[in-house]
Every structure is written in structure tokens, then in C-alpha cells.
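Here is target-v1.cif, consisting of mmCIF, C-alpha atoms and all ligand atoms:
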```
data_target
loop_
_atom_site.label_atom_id
_atom_site.label_comp_id
_atom_site.auth_asym_id
_atom_site.auth_seq_id
_atom_site.Cartn_x
_atom_site.Cartn_y
_atom_site.Cartn_z
CA MET C 1 -44.47 74.71 -39.73
CA SER C 2 -43.02 71.93 -37.56
CA LYS C 3 -44.67 68.53 -37.73
CA LYS C 4 -46.85 67.44 -34.82
CA ARG C 5 -45.11 65.00 -32.52
CA GLY C 6 -46.63 63.04 -29.67
CA ILE C 7 -45.73 63.43 -26.02
CA LEU C 8 -43.02 61.10 -24.79
CA LEU C 9 -43.77 60.15 -21.20
CA SER C 10 -41.41 57.89 -19.26
CA PHE C 11 -42.13 56.12 -15.99
CA GLU C 12 -39.26 55.42 -13.63
CA GLY C 13 -38.63 54.19 -10.10
CA VAL C 14 -37.23 51.39 -7.97
CA GLU C 15 -38.91 47.98 -7.77
CA GLY C 16 -42.49 47.69 -6.54
CA THR C 17 -43.64 51.27 -6.99
CA GLY C 18 -46.89 50.29 -8.71
CA LYS C 19 -45.70 51.54 -12.12
CA SER C 20 -47.47 48.75 -13.98
CA THR C 21 -50.78 49.38 -12.21
CA GLN C 22 -50.51 53.08 -12.99
CA THR C 23 -49.66 52.34 -16.61
CA ARG C 24 -52.79 50.21 -16.97
CA ARG C 25 -54.97 52.87 -15.32
CA LEU C 26 -53.54 55.61 -17.48
CA CYS C 27 -54.13 53.59 -20.65
CA LYS C 28 -57.78 53.05 -19.72
CA TYR C 29 -58.17 56.76 -19.07
CA LEU C 30 -56.55 57.75 -22.37
CA LYS C 31 -58.67 55.23 -24.27
CA ASN C 32 -61.87 56.68 -22.75
CA LYS C 33 -60.78 60.18 -23.69
CA GLY C 34 -60.03 59.15 -27.27
CA ILE C 35 -56.36 60.07 -26.94
CA LYS C 36 -54.16 57.93 -29.19
CA TYR C 37 -51.44 56.24 -27.16
CA THR C 38 -49.03 53.34 -27.06
CA VAL C 39 -47.04 51.69 -24.26
CA LEU C 40 -43.56 50.29 -24.68
CA ARG C 41 -41.44 48.68 -22.01
CA GLU C 42 -37.73 48.56 -21.46
CA PRO C 43 -35.96 46.35 -21.89
CA GLY C 44 -38.26 44.76 -24.43
CA SER C 45 -41.07 45.63 -26.84
CA SER C 46 -39.04 44.54 -29.87
CA VAL C 47 -37.98 41.00 -30.84
CA LEU C 48 -34.34 41.72 -30.02
CA GLY C 49 -35.36 43.72 -26.95
CA GLU C 50 -37.34 40.81 -25.49
CA GLN C 51 -34.40 38.45 -26.12
CA ILE C 52 -32.08 40.88 -24.37
CA ARG C 53 -34.61 41.24 -21.55
CA HIS C 54 -34.50 37.52 -20.97
CA ILE C 55 -30.69 37.57 -20.67
CA LEU C 56 -30.75 40.60 -18.38
CA LEU C 57 -33.42 39.34 -16.02
CA TYR C 58 -32.82 35.60 -15.96
CA SER C 59 -29.27 34.83 -17.16
CA LYS C 60 -27.66 32.26 -14.87
CA GLY C 61 -24.13 33.23 -15.89
CA LYS C 62 -22.38 36.24 -14.40
CA LEU C 63 -22.75 39.44 -16.41
CA SER C 64 -20.19 42.18 -15.84
CA ASN C 65 -21.62 45.59 -14.96
CA PHE C 66 -20.39 47.01 -18.23
CA ALA C 67 -21.80 44.14 -20.31
CA GLU C 68 -25.13 44.64 -18.53
CA THR C 69 -25.04 48.36 -19.33
CA LEU C 70 -24.33 47.72 -23.00
CA LEU C 71 -27.20 45.24 -23.22
CA PHE C 72 -29.65 47.82 -21.84
CA ILE C 73 -28.32 50.39 -24.27
CA ALA C 74 -28.58 47.93 -27.18
CA ALA C 75 -32.21 47.19 -26.30
CA ARG C 76 -32.90 50.94 -26.08
CA ASP C 77 -31.30 51.76 -29.41
CA GLN C 78 -33.26 48.99 -31.13
CA LEU C 79 -36.56 50.01 -29.55
CA ARG C 80 -36.10 53.68 -30.31
CA ARG C 81 -35.20 53.15 -33.96
CA GLN C 82 -37.76 50.41 -34.53
CA LYS C 83 -40.71 51.67 -32.49
CA ILE C 84 -40.41 54.90 -30.51
CA ASP C 85 -39.59 57.24 -33.41
CA ALA C 86 -42.52 55.92 -35.46
CA ALA C 87 -44.90 55.94 -32.48
CA LEU C 88 -44.14 59.59 -31.82
CA GLU C 89 -45.23 60.38 -35.38
CA GLU C 90 -48.48 58.43 -35.06
CA LYS C 91 -49.68 58.76 -31.47
CA ASP C 92 -50.60 61.58 -29.13
CA VAL C 93 -48.87 59.92 -26.19
CA VAL C 94 -46.07 57.37 -26.06
CA ILE C 95 -45.61 55.84 -22.61
CA LEU C 96 -42.29 54.24 -21.82
CA ASP C 97 -42.15 51.91 -18.85
CA ARG C 98 -38.52 52.79 -18.00
CA TYR C 99 -36.04 54.50 -20.29
CA ALA C 100 -32.63 56.18 -20.22
CA ASP C 101 -32.76 57.37 -16.59
CA ALA C 102 -32.99 53.73 -15.47
CA THR C 103 -29.50 52.97 -16.77
CA ILE C 104 -28.08 56.01 -14.99
CA ALA C 105 -29.84 55.05 -11.75
CA TYR C 106 -29.29 51.26 -11.80
CA GLN C 107 -26.01 50.74 -13.66
CA GLY C 108 -24.53 54.15 -12.84
CA TYR C 109 -25.51 54.96 -9.26
CA GLY C 110 -26.37 51.36 -8.34
CA SER C 111 -23.42 49.48 -9.84
CA GLY C 112 -20.80 52.19 -10.29
CA VAL C 113 -20.54 52.29 -14.10
CA ASP C 114 -19.17 55.63 -15.29
CA LEU C 115 -22.04 58.13 -15.41
CA LYS C 116 -20.52 60.22 -18.18
CA LEU C 117 -20.14 57.18 -20.39
CA ILE C 118 -23.75 56.09 -19.77
CA ARG C 119 -24.97 59.59 -20.66
CA GLU C 120 -23.01 59.47 -23.92
CA LEU C 121 -24.40 56.05 -24.82
CA ASN C 122 -27.91 57.13 -23.87
CA LYS C 123 -27.58 60.16 -26.13
CA ILE C 124 -26.88 57.93 -29.12
CA ALA C 125 -29.58 55.40 -28.23
CA MET C 126 -32.25 58.07 -27.65
CA GLY C 127 -31.59 60.19 -30.71
CA ALA C 128 -34.22 62.91 -30.75
CA ALA C 129 -36.61 60.83 -28.64
CA ILE C 130 -35.98 62.64 -25.38
CA PRO C 131 -38.82 62.41 -22.86
CA ASP C 132 -41.04 65.48 -22.53
CA VAL C 133 -42.03 64.36 -19.06
CA THR C 134 -40.74 61.70 -16.71
CA ILE C 135 -42.67 60.54 -13.69
CA LEU C 136 -40.50 59.21 -10.91
CA PHE C 137 -42.51 56.95 -8.63
CA ASP C 138 -40.61 57.23 -5.40
CA ILE C 139 -40.76 54.68 -2.60
CA ASP C 140 -38.55 53.27 0.14
CA PRO C 141 -36.98 50.21 -1.59
CA GLY C 142 -37.55 48.16 1.56
CA ILE C 143 -41.30 48.58 1.01
CA GLY C 144 -41.07 48.33 -2.77
CA LEU C 145 -39.24 44.99 -2.80
CA VAL C 146 -41.83 43.42 -0.51
CA ARG C 147 -44.64 44.81 -2.67
CA SER C 148 -43.06 43.57 -5.87
CA GLY C 149 -42.49 40.00 -4.62
CA ARG C 150 -40.57 38.94 -7.77
CA ASN C 151 -37.22 37.22 -7.92
CA ASP C 152 -35.25 38.23 -11.04
CA ARG C 153 -31.54 39.21 -11.19
CA PHE C 154 -32.32 42.76 -10.06
CA GLU C 155 -34.81 42.02 -7.32
CA LYS C 156 -32.33 39.55 -5.80
CA ARG C 157 -29.80 42.31 -5.22
CA LYS C 158 -29.17 43.63 -1.74
CA LEU C 159 -31.25 46.42 -0.25
CA ALA C 160 -28.16 48.67 -0.28
CA PHE C 161 -28.08 48.43 -4.09
CA HIS C 162 -31.72 49.50 -4.34
CA GLU C 163 -31.09 52.35 -1.88
CA ARG C 164 -28.31 53.63 -4.17
CA VAL C 165 -30.68 53.35 -7.15
CA ARG C 166 -33.33 55.36 -5.31
CA GLN C 167 -30.86 58.07 -4.30
CA GLY C 168 -29.58 58.09 -7.88
CA TYR C 169 -33.07 58.66 -9.24
CA LEU C 170 -33.65 61.48 -6.76
CA ARG C 171 -30.41 63.07 -7.85
CA ILE C 172 -31.31 62.83 -11.54
CA ALA C 173 -34.67 64.43 -10.66
CA LYS C 174 -32.92 67.27 -8.86
CA GLU C 175 -30.76 67.88 -11.92
CA ASN C 176 -33.79 67.86 -14.25
CA PRO C 177 -36.55 69.61 -12.29
CA LYS C 178 -38.48 70.69 -15.37
CA ARG C 179 -38.72 67.26 -16.93
CA ILE C 180 -38.95 64.96 -13.92
CA LYS C 181 -41.96 65.01 -11.59
CA ILE C 182 -41.74 62.99 -8.39
CA ILE C 183 -44.80 61.20 -7.04
CA ASN C 184 -44.83 59.54 -3.63
CA ALA C 185 -45.69 55.95 -4.58
CA LYS C 186 -46.67 55.08 -1.02
CA GLU C 187 -49.83 57.11 -1.43
CA ASP C 188 -53.15 55.53 -2.24
CA VAL C 189 -53.43 54.16 -5.81
CA VAL C 190 -56.24 56.56 -6.82
CA CYS C 191 -54.36 59.52 -5.44
CA VAL C 192 -51.26 58.53 -7.48
CA GLN C 193 -53.45 57.95 -10.55
CA ASP C 194 -54.92 61.46 -10.28
CA LYS C 195 -51.46 62.99 -10.03
CA VAL C 196 -50.30 61.07 -13.10
CA ARG C 197 -53.29 62.36 -15.08
CA VAL C 198 -52.70 65.98 -14.05
CA ILE C 199 -49.04 65.77 -15.08
CA LEU C 200 -49.92 64.30 -18.46
CA LEU C 201 -52.78 66.72 -19.16
CA ASN C 202 -50.48 69.64 -18.36
CA ALA C 203 -47.87 68.27 -20.73
CA LEU C 204 -50.47 67.86 -23.49
CA LYS C 205 -51.67 71.42 -22.89
CA SER C 206 -48.20 72.88 -23.07
CA THR C 207 -47.38 71.12 -26.36
CA LYS C 208 -50.64 72.40 -27.87
CA SER C 209 -49.64 75.94 -27.03
CA ARG C 210 -46.17 75.48 -28.54
P1 LIG E 301 -39.12 44.93 -15.13
O1 LIG E 301 -39.80 43.63 -14.99
O2 LIG E 301 -39.54 45.78 -16.27
O3 LIG E 301 -39.20 45.69 -13.77
P2 LIG E 301 -40.23 46.76 -13.28
O4 LIG E 301 -41.58 46.12 -13.41
O5 LIG E 301 -39.80 47.04 -11.89
O6 LIG E 301 -40.05 47.94 -14.22
O7 LIG E 301 -37.57 44.63 -15.18
C1 LIG E 301 -36.66 45.54 -15.56
C2 LIG E 301 -35.51 45.48 -14.59
O8 LIG E 301 -34.38 46.01 -15.24
C3 LIG E 301 -35.74 46.33 -13.36
O9 LIG E 301 -35.26 45.66 -12.22
C4 LIG E 301 -34.88 47.54 -13.60
C5 LIG E 301 -33.79 47.03 -14.49
N1 LIG E 301 -33.24 48.05 -15.43
C6 LIG E 301 -31.92 48.43 -15.31
O10 LIG E 301 -31.21 47.95 -14.39
N2 LIG E 301 -31.41 49.33 -16.20
C7 LIG E 301 -32.14 49.84 -17.22
O11 LIG E 301 -31.63 50.65 -18.04
C8 LIG E 301 -33.52 49.42 -17.36
C9 LIG E 301 -34.35 49.93 -18.49
C10 LIG E 301 -34.02 48.51 -16.45
#
```

Using C-alpha cells, write down the structure from this file.
Amino acid sequence: MSKKRGILLSFEGVEGTGKSTQTRRLCKYLKNKGIKYTVLREPGSSVLGEQIRHILLYSKGKLSNFAETLLFIAARDQLRRQKIDAALEEKDVVILDRYADATIAYQGYGSGVDLKLIRELNKIAMGAAIPDVTILFDIDPGIGLVRSGRNDRFEKRKLAFHERVRQGYLRIAKENPKRIKIINAKEDVVCVQDKVRVILLNALKSTKSR
């Protein structure tokens, strides 16, 4: 008999989609239901990952697109080996605030780094920890950037960059219709929250019947 493994749920989207609010709401809901969960964020959630995050978000020096890509992949590999694999053994649900699709959307579609290469690197970094479900919070980046109101290396980029990222995400979703569920992030927060819950409950149900 195969060993029970938790659900791996990743959250993706451009800036200012309300991902963090939805993560908090989902955690509260899971806690109340007695479902064991953990949340990890990318880049970050490991000592090395948080150091890399600082470079990626706030480095004053110029980072080449390829160097940036490799840093995201390094953070991912570290997090997966150090935390995600173990969390999947212990928890019912592992929530990832961004994961492999982000590098394809941002560095690939956004900055023009070779998509095939990113997919290969992602494959190594993810190992067997491939998301069961990915929720893509979709919003017009013009609205998202105003909502987010932050000013890191990514948020400072031109609107055209964020438009390419959004289109990239939508393309990835089209290529992976079973795994990726799109939610319109412009909708009311409770409405989005309810959709997130339904998607997760369905995923939990389908793994139980496996
Ligand atoms: P974060 O503060 O986590 O942003 P958000 O709250 O919008 O998720 O910062 C992560 C930034 O890094 C975000 O702008 C997206 C970017 N990013 C990439 O460009 N590539 C990646 O592979 C990942 C994981 C994130």
C-alpha cells in the first residue's frame, strides 16, 4: 500500500492579487476544521531561502536575468529538500505561496529566459513534490500593482513586464487545465475565499478516493 501523502497546493499570480489574505483565511479555516497544514513561501521559508529572498527583492546591484533565475531555483531546491518533502509526509495540506510556475511566468515569459531550461531546472528542484492543485489568482496587473503598494525589485518593473507575466501564467494554466484553477481575484474577498475552499476540499476528496 502506498504511504499517505499530503496535498500540495500552490498559490500563484501577479502582484497584488490578495494571495496573502487568502492564505491567512484558508489557514484559519483549516485550523477550525482540524486539518493539519503548513504554509511555506517562495523565495524563503528556509535560512538560505530568506537570505536569497533578500538579494532577489532588495539587491541594489544589477542581477542578470539568468542569475536571478538560478537564485529562485536555488531557493526552491533548498526549500523542497529541507521542508516541503518532510511537510508532505506530516501534514494533510502543504500550501506554497508561489512555486515553480512563478519562475516560468516571471523569468521565462516576463524576462525572456529560456522556458525549456527553466522547466528542466524546476524538475530537479521540485523532485517528486509536484503540486496537486495550483490556484492562479488572476487580475489586471494595473489594478494589482496599485493594490499591492510595495516597492521591491519586481514591483518597480514596468507594467508591460507584469502584463507578460500575467499572460504567461494564463498560458501555463491553459497547458495544465487539470492542475491549475483560475480565480478572478477582482471578485469580493469572501467570494474568492469560498472558491479556494471548494477547490481544496475537492482535491482532498479526490486523494481520499485514490
Ligand atoms: P513576495 O513578497 O513573496 O511577493 P507576493 O506577495 O506578490 O507573492 O515576493 C516575491 C517576488 O518574487 C514576487 O514579485 C514574484 C517574484 N518571483 C519571481 O520572479 N520568480 C519566482 O520564481 C518566484 C517564486 C517569485

Distance criterion (only C-alpha atoms): nearest to Thr21 of chain C out of C:Thr207, C:Ser148, C:Asn184, C:Ser45: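 Looking at the shortest contact to Thr21 of chain C, the residue is C:Ser148.
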
Box in all listed atoms of segment 132-144 of chain C, axis-aligned, with 4 Å more on each side; write out centre and edge lengths in Å to one decimal as JSON.
```
{"center_x": -39.8, "center_y": 56.8, "center_z": -10.5, "size_x": 13.7, "size_y": 25.3, "size_z": 32.1}
```

For Ile172 of chain C, work out the shell of residues within 12 Å, counting only C-alpha atoms and skipping chain neighbours fewer than 2 positions away, then give it as an mmCIF file with C-alpha atoms, keeping the file's coordinate frame.
```
data_model
loop_
_atom_site.group_PDB
_atom_site.id
_atom_site.type_symbol
_atom_site.label_atom_id
_atom_site.label_comp_id
_atom_site.auth_asym_id
_atom_site.auth_seq_id
_atom_site.Cartn_x
_atom_site.Cartn_y
_atom_site.Cartn_z
ATOM 1 C CA GLU C 12 -39.260 55.420 -13.630
ATOM 2 C CA GLY C 13 -38.630 54.190 -10.100
ATOM 3 C CA ALA C 100 -32.630 56.180 -20.220
ATOM 4 C CA ASP C 101 -32.760 57.370 -16.590
ATOM 5 C CA ALA C 102 -32.990 53.730 -15.470
ATOM 6 C CA THR C 103 -29.500 52.970 -16.770
ATOM 7 C CA ILE C 104 -28.080 56.010 -14.990
ATOM 8 C CA ALA C 105 -29.840 55.050 -11.750
ATOM 9 C CA TYR C 106 -29.290 51.260 -11.800
ATOM 10 C CA GLY C 108 -24.530 54.150 -12.840
ATOM 11 C CA TYR C 109 -25.510 54.960 -9.260
ATOM 12 C CA LEU C 115 -22.040 58.130 -15.410
ATOM 13 C CA ARG C 119 -24.970 59.590 -20.660
ATOM 14 C CA THR C 134 -40.740 61.700 -16.710
ATOM 15 C CA ILE C 135 -42.670 60.540 -13.690
ATOM 16 C CA LEU C 136 -40.500 59.210 -10.910
ATOM 17 C CA VAL C 165 -30.680 53.350 -7.150
ATOM 18 C CA ARG C 166 -33.330 55.360 -5.310
ATOM 19 C CA GLN C 167 -30.860 58.070 -4.300
ATOM 20 C CA GLY C 168 -29.580 58.090 -7.880
ATOM 21 C CA TYR C 169 -33.070 58.660 -9.240
ATOM 22 C CA LEU C 170 -33.650 61.480 -6.760
ATOM 23 C CA LYS C 174 -32.920 67.270 -8.860
ATOM 24 C CA GLU C 175 -30.760 67.880 -11.920
ATOM 25 C CA ASN C 176 -33.790 67.860 -14.250
ATOM 26 C CA PRO C 177 -36.550 69.610 -12.290
ATOM 27 C CA LYS C 178 -38.480 70.690 -15.370
ATOM 28 C CA ARG C 179 -38.720 67.260 -16.930
ATOM 29 C CA ILE C 180 -38.950 64.960 -13.920
ATOM 30 C CA LYS C 181 -41.960 65.010 -11.590
ATOM 31 C CA ILE C 182 -41.740 62.990 -8.390
#
```

Please build the interface table for segment 32-134 of chain C against segment 151-160 of chain C with a cut-off of 9 Å, listing for each qualifying residue the nearest atom pair and the distance in Å to one decimal; count all atoms listed in the file, order rows by chain and increasing number, and write it as a tab-separated table.
```
residue	atom	partner	partner_atom	distance
C:Leu56	CA	C:Arg153	CA	7.4
C:Leu57	CA	C:Arg153	CA	5.2
C:Tyr58	CA	C:Asp152	CA	6.1
C:Ser59	CA	C:Arg153	CA	7.7
C:Lys60	CA	C:Arg153	CA	8.8
C:Gly110	CA	C:Ala160	CA	8.7
```

Straight-line distance linking atom CA of Asp114 of chain C with atom CA of Phe66 of chain C, stated in Å to one decimal: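 Atom-to-atom, atom CA of Asp114 of chain C to atom CA of Phe66 of chain C, that is 9.2 Å.
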
Å distance separating atom CA of Ile7 of chain C from atom CA of Val196 of chain C, one decimal place: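 Interatomic distance, atom CA of Ile7 of chain C to atom CA of Val196 of chain C: 13.9 Å.
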
Residues near Arg81 of chain C, cut-off 10 Å, all atoms listed in the file, skip fewer than 2 positions along chain, as a PyMOL selection string: chain C and resi 76-79+83-86+125-127+129

Selected residues written out with C-alpha atoms, as a tab-separated table (two decimals), in the coordinates of the input:
```tsv
chain	number	residue	atom	x	y	z
C	76	ARG	CA	-32.90	50.94	-26.08
C	77	ASP	CA	-31.30	51.76	-29.41
C	78	GLN	CA	-33.26	48.99	-31.13
C	79	LEU	CA	-36.56	50.01	-29.55
C	83	LYS	CA	-40.71	51.67	-32.49
C	84	ILE	CA	-40.41	54.90	-30.51
C	85	ASP	CA	-39.59	57.24	-33.41
C	86	ALA	CA	-42.52	55.92	-35.46
C	125	ALA	CA	-29.58	55.40	-28.23
C	126	MET	CA	-32.25	58.07	-27.65
C	127	GLY	CA	-31.59	60.19	-30.71
C	129	ALA	CA	-36.61	60.83	-28.64
```
